[in-house]
Amino acid sequence: MRTKLFFSEAVRSIGANISTTVAATMTVLIGMFLLGLFIALFSWVNSWTDHVRKDVIVKVFFVQEATEQQINGVQSKLLTFPETKSVVFISKEEALKRMKAKYPELTQNLSSNPLPPAFEATPKDPDQVKALADKLQPLPAGVDKVDYAEKKTQRILAVTNVIKYIFLLGSLILLAASTILIANTIRLSIFSRRREVEVMKLVGASNWFIRGPFMLEGLICGLIGALAAVVLLVLAKKFALPVIEGRSTTFREDDVHALSFPLVAIILVGVSLLVGAAGSGITLRRFLQI
């Protein structure tokens, strides 16, 4: 019975204050649409940076005359390091095959294979690549050099970390801004009905009885705004994403992907409901002193 009363009061209030209701709903719509874009973009960037950081490896090149015993000894040594995730042996033949595929013009007139055998050691954490390379100093017998493309690696690690932090900070700022805007809009709606609240207090209504319809109104505005934002995101996904994917090869990487759309939609609806209810409750407590 009380729930039915709260719902009818919330609907009546929405109809009686249509301008503030529209403002609150539009605020939720814009905020959740932008938040949805940030969530999808951040998850994609996070996946992309993980993909890029997989290329951070330590290459151990042997001399041409390296014996099988020396090669096995270096492999055993690499596997004992706590920083090592995996070790892959690249034979001379495999190295030449890769070279031909990547730089065919440089391998057309080769009379013999000049490439040495090598190991590719992948660290457990890309940030440990230097520590892993330093573990092989001084160079073991049979090893010509150890390389991890220091400048390129440092640039990759720095750029990917900065990108992650920027998108994380942007998402948090956007969420905070959306909460503040929604709370301010709901505050206007509540302030326009302050006399109604005073009358309810005078006749003995409890604080939660007064808060109920307002919080339900916030939930309704949040739900409508979130659903509208989800519809806009569906349209953006259908019409804008194929155009972007057609112009970028990075989007077609198998292991680079954003958070699934249904999960993003659920997050947006949950956040909007929480913000709508919290905004109403906090505003009533702080600004009407009930």
# chains A, B, ... in the order shown; residues from 1 in each chain; ligands from 1
>>> residues_around(residues="Ser260 of chain A", least_positions_apart="3", cutoff="10 Å", atoms="only C-alpha atoms", output="JSON, numbers by chain")
{"A": [40, 43, 257, 263, 264, 265]}
>>> select_by_dssp(residues="segment 59-235 of chain A", states="alpha helix (DSSP H)", output="PyMOL selection string")
chain A and resi 68-80+92-102+129-134+150-191+194-202+207-235
>>> atom_distance(atom1="atom CA of Val159 of chain A", atom2="atom CA of Leu78 of chain A")
28.0 Å
>>> residues_around(residues="segment 96-105 of chain A", least_positions_apart="4", cutoff="8 Å", atoms="only C-alpha atoms", output="NGL selection string")
:A and (92 or 113 or 115)
>>> atom_distance(atom1="atom CA of Ile220 of chain A", atom2="atom CA of Phe191 of chain A")
18.5 Å
>>> select_by_dssp(residues="segment 48-163 of chain A", states="strand (DSSP E or B)", output="VMD selection string")
chain A and resid 58 to 62 84 to 90 118 to 123 143 to 147
>>> write_last_selection(atoms="N, CA and C atoms", output="CSV table (one decimal), in the first residue's frame")
chain,number,residue,atom,x,y,z
A,58,VAL,N,62.6,-9.7,-23.9
A,58,VAL,CA,64.1,-9.7,-23.9
A,58,VAL,C,64.6,-10.7,-25.0
A,59,LYS,N,65.4,-10.2,-25.9
A,59,LYS,CA,66.0,-11.1,-26.9
A,59,LYS,C,67.4,-11.5,-26.6
A,60,VAL,N,67.7,-12.7,-26.5
A,60,VAL,CA,69.1,-13.2,-26.2
A,60,VAL,C,69.7,-13.8,-27.5
A,61,PHE,N,70.6,-13.1,-28.1
A,61,PHE,CA,71.2,-13.6,-29.3
A,61,PHE,C,72.5,-14.3,-29.1
A,62,PHE,N,72.7,-15.5,-29.7
A,62,PHE,CA,73.9,-16.3,-29.6
A,62,PHE,C,74.9,-16.0,-30.7
A,84,THR,N,60.8,-14.2,-15.2
A,84,THR,CA,60.5,-14.8,-16.5
A,84,THR,C,59.1,-15.5,-16.5
A,85,LYS,N,58.4,-15.2,-17.5
A,85,LYS,CA,57.1,-15.8,-17.8
A,85,LYS,C,57.2,-17.0,-18.7
A,86,SER,N,57.9,-16.8,-19.8
A,86,SER,CA,58.0,-17.8,-20.8
A,86,SER,C,59.3,-17.6,-21.6
A,87,VAL,N,59.8,-18.7,-22.2
A,87,VAL,CA,61.0,-18.6,-23.0
A,87,VAL,C,60.8,-19.3,-24.3
A,88,VAL,N,61.0,-18.7,-25.5
A,88,VAL,CA,60.8,-19.3,-26.8
A,88,VAL,C,62.1,-19.3,-27.5
A,89,PHE,N,62.5,-20.5,-28.0
A,89,PHE,CA,63.7,-20.6,-28.8
A,89,PHE,C,63.4,-20.3,-30.3
A,90,ILE,N,64.2,-19.4,-30.9
A,90,ILE,CA,64.1,-19.0,-32.3
A,90,ILE,C,65.4,-19.6,-33.0
A,118,ALA,N,68.4,-17.6,-31.2
A,118,ALA,CA,68.1,-16.6,-30.1
A,118,ALA,C,67.0,-17.2,-29.3
A,119,PHE,N,66.9,-16.6,-28.1
A,119,PHE,CA,65.7,-16.8,-27.2
A,119,PHE,C,64.9,-15.5,-27.1
A,120,GLU,N,63.6,-15.7,-27.0
A,120,GLU,CA,62.7,-14.5,-26.7
A,120,GLU,C,62.1,-14.8,-25.3
A,121,ALA,N,62.5,-14.0,-24.4
A,121,ALA,CA,62.1,-14.2,-23.0
A,121,ALA,C,61.0,-13.2,-22.7
A,122,THR,N,59.8,-13.6,-22.3
A,122,THR,CA,58.7,-12.7,-21.9
A,122,THR,C,58.7,-12.5,-20.4
A,123,PRO,N,58.7,-11.3,-19.9
A,123,PRO,CA,58.6,-11.1,-18.5
A,123,PRO,C,57.2,-11.3,-18.0
A,143,VAL,N,76.7,-16.4,-25.6
A,143,VAL,CA,75.7,-15.3,-25.9
A,143,VAL,C,76.5,-14.2,-26.5
A,144,ASP,N,76.0,-13.6,-27.6
A,144,ASP,CA,76.6,-12.5,-28.3
A,144,ASP,C,76.1,-11.2,-27.6
A,145,LYS,N,74.8,-11.0,-27.5
A,145,LYS,CA,74.2,-9.8,-26.8
A,145,LYS,C,72.8,-10.1,-26.3
A,146,VAL,N,72.4,-9.2,-25.4
A,146,VAL,CA,71.1,-9.2,-24.9
A,146,VAL,C,70.4,-7.9,-25.2
A,147,ASP,N,69.3,-7.9,-25.8
A,147,ASP,CA,68.6,-6.7,-26.2
A,147,ASP,C,67.1,-6.7,-25.9
>>> closest_residue(among="A:Leu106, A:Val129, A:Leu168, A:Ile180", to="Pro82 of chain A", atoms="only C-alpha atoms")
A:Val129
>>> atom_distance(atom1="atom CA of Thr27 of chain A", atom2="atom CA of Met200 of chain A")
28.7 Å
